[in-house]
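Asks: Dropping in coords16.txt, with compact mmCIF, N, CA and C atoms and all ligand atoms.
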```txt
# COMPACT_ATOMS: atom_id res chain seq x y z
N MET A 16 -9.65 -12.81 -11.48
CA MET A 16 -9.56 -11.54 -12.18
C MET A 16 -8.14 -10.97 -12.01
N PRO A 17 -7.51 -10.51 -13.07
CA PRO A 17 -6.15 -9.98 -12.94
C PRO A 17 -6.13 -8.67 -12.16
N ALA A 18 -4.99 -8.42 -11.54
CA ALA A 18 -4.84 -7.17 -10.79
C ALA A 18 -4.95 -5.99 -11.73
N LYS A 19 -5.56 -4.92 -11.23
CA LYS A 19 -5.66 -3.69 -12.02
C LYS A 19 -4.62 -2.67 -11.59
N GLY A 20 -3.97 -2.93 -10.46
CA GLY A 20 -2.98 -1.98 -9.99
C GLY A 20 -2.02 -2.61 -9.02
N TYR A 21 -1.04 -1.83 -8.63
CA TYR A 21 -0.13 -2.27 -7.59
C TYR A 21 0.38 -1.05 -6.83
N VAL A 22 0.89 -1.30 -5.65
CA VAL A 22 1.32 -0.18 -4.82
C VAL A 22 2.79 -0.33 -4.45
N GLU A 23 3.42 0.81 -4.29
CA GLU A 23 4.78 0.86 -3.74
C GLU A 23 4.72 1.60 -2.42
N VAL A 24 5.39 1.05 -1.43
CA VAL A 24 5.46 1.69 -0.11
C VAL A 24 6.86 2.24 0.08
N ASN A 25 6.96 3.52 0.33
CA ASN A 25 8.25 4.14 0.58
C ASN A 25 8.62 3.87 2.04
N GLU A 26 9.61 3.04 2.22
CA GLU A 26 9.98 2.61 3.57
C GLU A 26 10.58 3.74 4.40
N LEU A 27 11.00 4.79 3.77
CA LEU A 27 11.53 5.92 4.54
C LEU A 27 10.41 6.69 5.22
N TYR A 28 9.18 6.52 4.73
CA TYR A 28 8.05 7.26 5.28
C TYR A 28 7.11 6.39 6.12
N CYS A 29 7.01 5.12 5.80
CA CYS A 29 6.02 4.26 6.48
C CYS A 29 6.34 4.11 7.96
N LYS A 30 5.31 4.34 8.80
CA LYS A 30 5.48 4.20 10.24
C LYS A 30 4.58 3.11 10.81
N ALA A 31 4.14 2.20 9.94
CA ALA A 31 3.43 0.99 10.37
C ALA A 31 2.14 1.28 11.14
N CYS A 32 1.43 2.34 10.77
CA CYS A 32 0.19 2.67 11.49
C CYS A 32 -0.94 1.71 11.14
N GLU A 33 -0.83 1.01 10.02
CA GLU A 33 -1.81 0.00 9.58
C GLU A 33 -3.10 0.58 9.01
N LEU A 34 -3.20 1.88 8.85
CA LEU A 34 -4.43 2.43 8.27
C LEU A 34 -4.69 1.88 6.87
N CYS A 35 -3.64 1.77 6.09
CA CYS A 35 -3.82 1.23 4.73
C CYS A 35 -4.24 -0.24 4.77
N VAL A 36 -3.73 -0.95 5.75
CA VAL A 36 -4.07 -2.38 5.88
C VAL A 36 -5.55 -2.55 6.20
N THR A 37 -6.05 -1.76 7.14
CA THR A 37 -7.44 -1.92 7.55
C THR A 37 -8.41 -1.31 6.54
N ASP A 38 -7.99 -0.30 5.79
CA ASP A 38 -8.91 0.38 4.88
C ASP A 38 -8.93 -0.20 3.47
N CYS A 39 -7.95 -1.00 3.10
CA CYS A 39 -7.99 -1.62 1.77
C CYS A 39 -9.20 -2.54 1.69
N PRO A 40 -10.10 -2.30 0.74
CA PRO A 40 -11.33 -3.09 0.67
C PRO A 40 -11.11 -4.52 0.18
N HIS A 41 -9.90 -4.84 -0.26
CA HIS A 41 -9.65 -6.17 -0.82
C HIS A 41 -8.55 -6.94 -0.09
N ASP A 42 -8.20 -6.48 1.11
CA ASP A 42 -7.21 -7.19 1.94
C ASP A 42 -5.90 -7.44 1.18
N VAL A 43 -5.46 -6.43 0.48
CA VAL A 43 -4.23 -6.57 -0.32
C VAL A 43 -2.98 -6.38 0.54
N LEU A 44 -3.10 -5.59 1.60
CA LEU A 44 -1.91 -5.16 2.33
C LEU A 44 -1.83 -5.76 3.73
N ALA A 45 -0.61 -5.88 4.22
CA ALA A 45 -0.36 -6.30 5.61
C ALA A 45 1.00 -5.73 5.99
N LEU A 46 1.27 -5.69 7.28
CA LEU A 46 2.61 -5.29 7.71
C LEU A 46 3.55 -6.45 7.49
N ASP A 47 4.76 -6.12 7.05
CA ASP A 47 5.78 -7.14 6.79
C ASP A 47 6.56 -7.39 8.09
N LEU A 48 6.16 -8.40 8.80
CA LEU A 48 6.75 -8.68 10.12
C LEU A 48 8.15 -9.28 10.01
N ASP A 49 8.58 -9.62 8.81
CA ASP A 49 9.93 -10.16 8.61
C ASP A 49 10.93 -9.08 8.21
N HIS A 50 10.49 -7.84 8.18
CA HIS A 50 11.34 -6.78 7.64
C HIS A 50 11.17 -5.51 8.45
N LEU A 51 12.28 -4.81 8.69
CA LEU A 51 12.24 -3.53 9.38
C LEU A 51 12.73 -2.43 8.45
N THR A 52 12.08 -1.27 8.55
CA THR A 52 12.54 -0.12 7.79
C THR A 52 13.79 0.46 8.47
N PRO A 53 14.48 1.38 7.81
CA PRO A 53 15.65 2.01 8.44
C PRO A 53 15.31 2.71 9.75
N THR A 54 14.03 3.09 9.90
CA THR A 54 13.64 3.76 11.13
C THR A 54 12.98 2.81 12.14
N GLY A 55 13.00 1.50 11.85
CA GLY A 55 12.60 0.52 12.85
C GLY A 55 11.15 0.11 12.86
N TYR A 56 10.45 0.27 11.74
CA TYR A 56 9.05 -0.15 11.66
C TYR A 56 8.91 -1.34 10.72
N HIS A 57 7.87 -2.13 10.95
CA HIS A 57 7.49 -3.17 9.99
C HIS A 57 6.62 -2.50 8.93
N PRO A 58 7.08 -2.38 7.72
CA PRO A 58 6.34 -1.60 6.71
C PRO A 58 5.18 -2.38 6.11
N ALA A 59 4.24 -1.65 5.57
CA ALA A 59 3.17 -2.28 4.81
C ALA A 59 3.73 -2.83 3.50
N HIS A 60 3.17 -3.94 3.06
CA HIS A 60 3.53 -4.50 1.76
C HIS A 60 2.35 -5.29 1.21
N MET A 61 2.46 -5.65 -0.05
CA MET A 61 1.35 -6.37 -0.70
C MET A 61 1.44 -7.86 -0.36
N VAL A 62 0.37 -8.42 0.15
CA VAL A 62 0.32 -9.86 0.41
C VAL A 62 -0.70 -10.56 -0.47
N ASN A 63 -1.53 -9.77 -1.13
CA ASN A 63 -2.59 -10.32 -1.98
C ASN A 63 -2.66 -9.49 -3.26
N PRO A 64 -1.53 -9.40 -3.99
CA PRO A 64 -1.43 -8.42 -5.08
C PRO A 64 -2.44 -8.62 -6.20
N GLU A 65 -2.88 -9.85 -6.40
CA GLU A 65 -3.80 -10.09 -7.51
C GLU A 65 -5.18 -9.46 -7.27
N ALA A 66 -5.44 -9.07 -6.02
CA ALA A 66 -6.75 -8.48 -5.70
C ALA A 66 -6.75 -6.96 -5.79
N CYS A 67 -5.60 -6.36 -6.07
CA CYS A 67 -5.53 -4.89 -6.08
C CYS A 67 -6.28 -4.32 -7.29
N THR A 68 -7.17 -3.36 -7.01
CA THR A 68 -7.94 -2.72 -8.06
C THR A 68 -7.37 -1.36 -8.45
N GLY A 69 -6.34 -0.91 -7.74
CA GLY A 69 -5.79 0.42 -8.01
C GLY A 69 -6.71 1.53 -7.57
N CYS A 70 -7.51 1.28 -6.55
CA CYS A 70 -8.54 2.24 -6.14
C CYS A 70 -7.97 3.46 -5.43
N VAL A 71 -6.75 3.39 -4.94
CA VAL A 71 -6.03 4.51 -4.33
C VAL A 71 -6.48 4.82 -2.89
N ILE A 72 -7.39 4.03 -2.35
CA ILE A 72 -7.82 4.28 -0.98
C ILE A 72 -6.63 4.24 -0.01
N CYS A 73 -5.75 3.28 -0.20
CA CYS A 73 -4.61 3.14 0.71
C CYS A 73 -3.74 4.40 0.69
N ALA A 74 -3.50 4.94 -0.48
CA ALA A 74 -2.67 6.14 -0.58
C ALA A 74 -3.38 7.33 0.05
N ASN A 75 -4.68 7.39 -0.11
CA ASN A 75 -5.42 8.52 0.44
C ASN A 75 -5.47 8.49 1.97
N VAL A 76 -5.47 7.33 2.57
CA VAL A 76 -5.57 7.28 4.03
C VAL A 76 -4.20 7.31 4.71
N CYS A 77 -3.14 7.11 3.96
CA CYS A 77 -1.81 7.09 4.57
C CYS A 77 -1.45 8.49 5.07
N PRO A 78 -1.23 8.64 6.37
CA PRO A 78 -0.91 9.97 6.91
C PRO A 78 0.51 10.42 6.59
N ASP A 79 1.32 9.51 6.09
CA ASP A 79 2.73 9.84 5.84
C ASP A 79 3.08 9.85 4.36
N ALA A 80 2.07 9.81 3.51
CA ALA A 80 2.28 9.86 2.06
C ALA A 80 3.33 8.84 1.61
N ALA A 81 3.24 7.65 2.17
CA ALA A 81 4.24 6.63 1.87
C ALA A 81 3.87 5.75 0.68
N ILE A 82 2.62 5.86 0.21
CA ILE A 82 2.14 4.93 -0.81
C ILE A 82 1.95 5.61 -2.15
N THR A 83 2.46 4.97 -3.19
CA THR A 83 2.18 5.36 -4.57
C THR A 83 1.43 4.21 -5.22
N VAL A 84 0.33 4.53 -5.87
CA VAL A 84 -0.48 3.52 -6.55
C VAL A 84 -0.27 3.63 -8.04
N TYR A 85 -0.02 2.51 -8.66
CA TYR A 85 0.10 2.45 -10.12
C TYR A 85 -1.03 1.59 -10.66
N ARG A 86 -1.56 2.02 -11.78
CA ARG A 86 -2.59 1.22 -12.45
C ARG A 86 -2.02 0.69 -13.76
N TYR A 87 -2.42 -0.49 -14.11
CA TYR A 87 -1.90 -1.08 -15.34
C TYR A 87 -2.45 -0.39 -16.58
N ASP A 88 -3.56 0.35 -16.44
CA ASP A 88 -4.12 1.03 -17.60
C ASP A 88 -3.63 2.47 -17.71
N GLN A 89 -2.81 2.91 -16.76
CA GLN A 89 -2.19 4.23 -16.83
C GLN A 89 -0.95 4.18 -15.99
N GLN A 90 -0.02 5.08 -16.22
CA GLN A 90 1.26 4.95 -15.56
C GLN A 90 1.16 5.15 -14.05
N LYS A 91 0.40 6.12 -13.61
CA LYS A 91 0.32 6.41 -12.18
C LYS A 91 -1.07 6.91 -11.86
N ALA A 92 -1.69 6.33 -10.85
CA ALA A 92 -3.01 6.80 -10.46
C ALA A 92 -2.87 8.09 -9.67
N GLU A 93 -3.79 8.99 -9.91
CA GLU A 93 -3.74 10.26 -9.19
C GLU A 93 -4.27 10.06 -7.78
N VAL A 94 -3.65 10.75 -6.82
CA VAL A 94 -4.08 10.67 -5.42
C VAL A 94 -4.90 11.90 -5.10
S1 LIG A 101 -5.07 0.53 -4.44
FE1 LIG A 101 -7.01 -0.11 -3.43
S2 LIG A 101 -7.08 -2.34 -3.71
FE2 LIG A 101 -4.94 -1.72 -4.13
S3 LIG A 101 -3.88 -1.95 -2.15
FE3 LIG A 101 -4.61 0.18 -2.27
S4 LIG A 101 -6.63 0.18 -1.21
FE4 LIG A 101 -6.09 -1.97 -1.72
S1 LIG A 102 -0.92 3.97 6.08
FE1 LIG A 102 1.13 4.63 5.41
S2 LIG A 102 2.34 4.78 7.29
FE2 LIG A 102 0.51 3.58 7.77
S3 LIG A 102 1.17 1.42 7.47
FE3 LIG A 102 0.25 2.12 5.54
S4 LIG A 102 2.00 2.86 4.30
FE4 LIG A 102 2.69 2.73 6.43
```
Render the structure in this file as structure tokens.
Ligand code: SF4
Ligand code: SF4

Replies:
Amino acid sequence: MPAKGYVEVNELYCKACELCVTDCPHDVLALDLDHLTPTGYHPAHMVNPEACTGCVICANVCPDAAITVYRYDQQKAEV
């Protein structure tokens, strides 16, 4: 099934708490252990993008408002 959405992680805000990783119902996200943010964290990124439904759960649980969710059927999903 094609992806219905995708997420952008603002690396200036992400503090690698992993809440989005554990709460995504489709295992789309993981911490990027090969990359550090300017503030020294391994940021969340998409590792299974084809499974993203654009459900916005990740953005809602992020305590640092680092995630923006886009849906292919609309420009930006509301949080
Ligand atoms: S929008 Fe939903 S499916 Fe996509 S990464 Fe976020 S929690 Fe996972
Ligand atoms: S919930 Fe937010 S701060 Fe935590 S890892 Fe995900 S994007 Fe980063």

Asks: List as a VMD selection string the protein and nucleic acid residues near Lys19 in chain A, meaning an atom at most 6.5 Å away when all atoms listed in the file are counted, but skip any in the same chain fewer than 6 places from it.

Replies: chain A and resid 65 to 69 85 to 88

Asks: Take the residues just selected and output them with N, CA and C atoms as an mmCIF file, keeping the file's coordinate frame.

Replies:
```
data_model
loop_
_atom_site.group_PDB
_atom_site.id
_atom_site.type_symbol
_atom_site.label_atom_id
_atom_site.label_comp_id
_atom_site.auth_asym_id
_atom_site.auth_seq_id
_atom_site.Cartn_x
_atom_site.Cartn_y
_atom_site.Cartn_z
ATOM 1 N N GLU A 65 -2.880 -9.850 -6.400
ATOM 2 C CA GLU A 65 -3.800 -10.090 -7.510
ATOM 3 C C GLU A 65 -5.180 -9.460 -7.270
ATOM 4 N N ALA A 66 -5.440 -9.070 -6.020
ATOM 5 C CA ALA A 66 -6.750 -8.480 -5.700
ATOM 6 C C ALA A 66 -6.750 -6.960 -5.790
ATOM 7 N N CYS A 67 -5.600 -6.360 -6.070
ATOM 8 C CA CYS A 67 -5.530 -4.890 -6.080
ATOM 9 C C CYS A 67 -6.280 -4.320 -7.290
ATOM 10 N N THR A 68 -7.170 -3.360 -7.010
ATOM 11 C CA THR A 68 -7.940 -2.720 -8.060
ATOM 12 C C THR A 68 -7.370 -1.360 -8.450
ATOM 13 N N GLY A 69 -6.340 -0.910 -7.740
ATOM 14 C CA GLY A 69 -5.790 0.420 -8.010
ATOM 15 C C GLY A 69 -6.710 1.530 -7.570
ATOM 16 N N TYR A 85 -0.020 2.510 -8.660
ATOM 17 C CA TYR A 85 0.100 2.450 -10.120
ATOM 18 C C TYR A 85 -1.030 1.590 -10.660
ATOM 19 N N ARG A 86 -1.560 2.020 -11.780
ATOM 20 C CA ARG A 86 -2.590 1.220 -12.450
ATOM 21 C C ARG A 86 -2.020 0.690 -13.760
ATOM 22 N N TYR A 87 -2.420 -0.490 -14.110
ATOM 23 C CA TYR A 87 -1.900 -1.080 -15.340
ATOM 24 C C TYR A 87 -2.450 -0.390 -16.580
ATOM 25 N N ASP A 88 -3.560 0.350 -16.440
ATOM 26 C CA ASP A 88 -4.120 1.030 -17.600
ATOM 27 C C ASP A 88 -3.630 2.470 -17.710
#
```

Asks: Could you tell me which of A:Val43, A:Leu48, A:Val71, A:Ala81 comes closest to ligand LIG 102 (chain A) if we count only N, CA and C atoms and all ligand atoms?

Replies: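 Of all the options, A:Ala81 lies closest to ligand LIG 102 (chain A).
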
Asks: As a PyMOL selection string, list the residues of chain A assigned to helix (DSSP H, G or I) by DSSP on the backbone atoms of this structure.

Replies: chain A and resi 34-38+64-66+72-76

Asks: Return as a tab-separated table the residues of range 43-92 of chain A lying at most 10 Å from range 26-39 of chain A, together with the closest atom-to-atom pair for each and the distance in Å to one decimal, counting only C-alpha atoms, with rows in chain order and ascending residue number.

Replies:
```
residue	atom	partner	partner_atom	distance
A:Val43	CA	A:Cys39	CA	6.6
A:Leu44	CA	A:Val36	CA	5.0
A:Ala45	CA	A:Val36	CA	5.4
A:Leu46	CA	A:Ala31	CA	6.9
A:Asp47	CA	A:Ala31	CA	9.2
A:Leu51	CA	A:Glu26	CA	8.8
A:Thr52	CA	A:Glu26	CA	5.6
A:Pro53	CA	A:Leu27	CA	6.9
A:Thr54	CA	A:Leu27	CA	7.2
A:Gly55	CA	A:Lys30	CA	8.4
A:Tyr56	CA	A:Lys30	CA	5.8
A:His57	CA	A:Ala31	CA	5.8
A:Pro58	CA	A:Ala31	CA	5.3
A:Ala59	CA	A:Ala31	CA	6.5
A:His60	CA	A:Val36	CA	8.9
A:Met61	CA	A:Val36	CA	9.4
A:Cys67	CA	A:Cys39	CA	8.9
A:Thr68	CA	A:Cys39	CA	9.9
A:Cys70	CA	A:Cys39	CA	8.8
A:Val71	CA	A:Cys39	CA	8.9
A:Ile72	CA	A:Cys39	CA	6.5
A:Cys73	CA	A:Cys35	CA	4.5
A:Ala74	CA	A:Cys35	CA	7.3
A:Asn75	CA	A:Cys35	CA	8.6
A:Val76	CA	A:Cys35	CA	6.3
A:Cys77	CA	A:Cys35	CA	6.2
A:Pro78	CA	A:Leu34	CA	8.4
A:Asp79	CA	A:Tyr28	CA	5.9
A:Ala80	CA	A:Tyr28	CA	7.1
A:Ala81	CA	A:Tyr28	CA	5.2
A:Ile82	CA	A:Cys29	CA	8.3
```

Asks: Where's the centre, and what are the edge lengths in Å to one decimal, of a box along x, y and z enclosing all listed atoms of ligand LIG 101 (chain A) padded 4 Å per side, as AutoDock Vina command-line options?

Replies:
```
--center_x -5.5 --center_y -0.9 --center_z -2.8 --size_x 11.2 --size_y 10.9 --size_z 11.2
```

Asks: Under the rule that only C-alpha atoms and all ligand atoms are counted, which of A:Pro17, A:His41, A:Gln89, A:Val84 is the nearest residue to ligand LIG 102 (chain A)?

Replies: A:Val84

Asks: Quick one: pick out all strand (DSSP E) residues within chain A from a backbone DSSP run and write them as a ChimeraX atom specification.

Replies: /A:20-24,44-46,59-61,82-86

Asks: Nearest residue to ligand LIG 101 (chain A) out of A:Pro40, A:Val62, A:His50, A:Asn25, using all atoms listed in the file?

Replies: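 Among the listed residues, the smallest separation from ligand LIG 101 (chain A) belongs to A:Pro40.
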
Asks: Just how far from CA of Ala18 in chain A is atom S1 of ligand LIG 102 (chain A), in Å to one decimal?

Replies: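 One can read the atom S1 of ligand LIG 102 (chain A) to CA of Ala18 in chain A distance as 20.6 Å.
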
Asks: Quick one: pull the distance between atom S2 of ligand LIG 101 (chain A) and CA of Asp49 in chain A, Å, one decimal.

Replies: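 Computing it gives 22.4 Å between the two atoms.
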
Asks: When you draw a straight line from atom FE4 of ligand LIG 102 (chain A) to CA of Met16 in chain A, how long is it in Å?

Replies: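 Straight-line distance from atom FE4 of ligand LIG 102 (chain A) to CA of Met16 in chain A works out to 26.5 Å.
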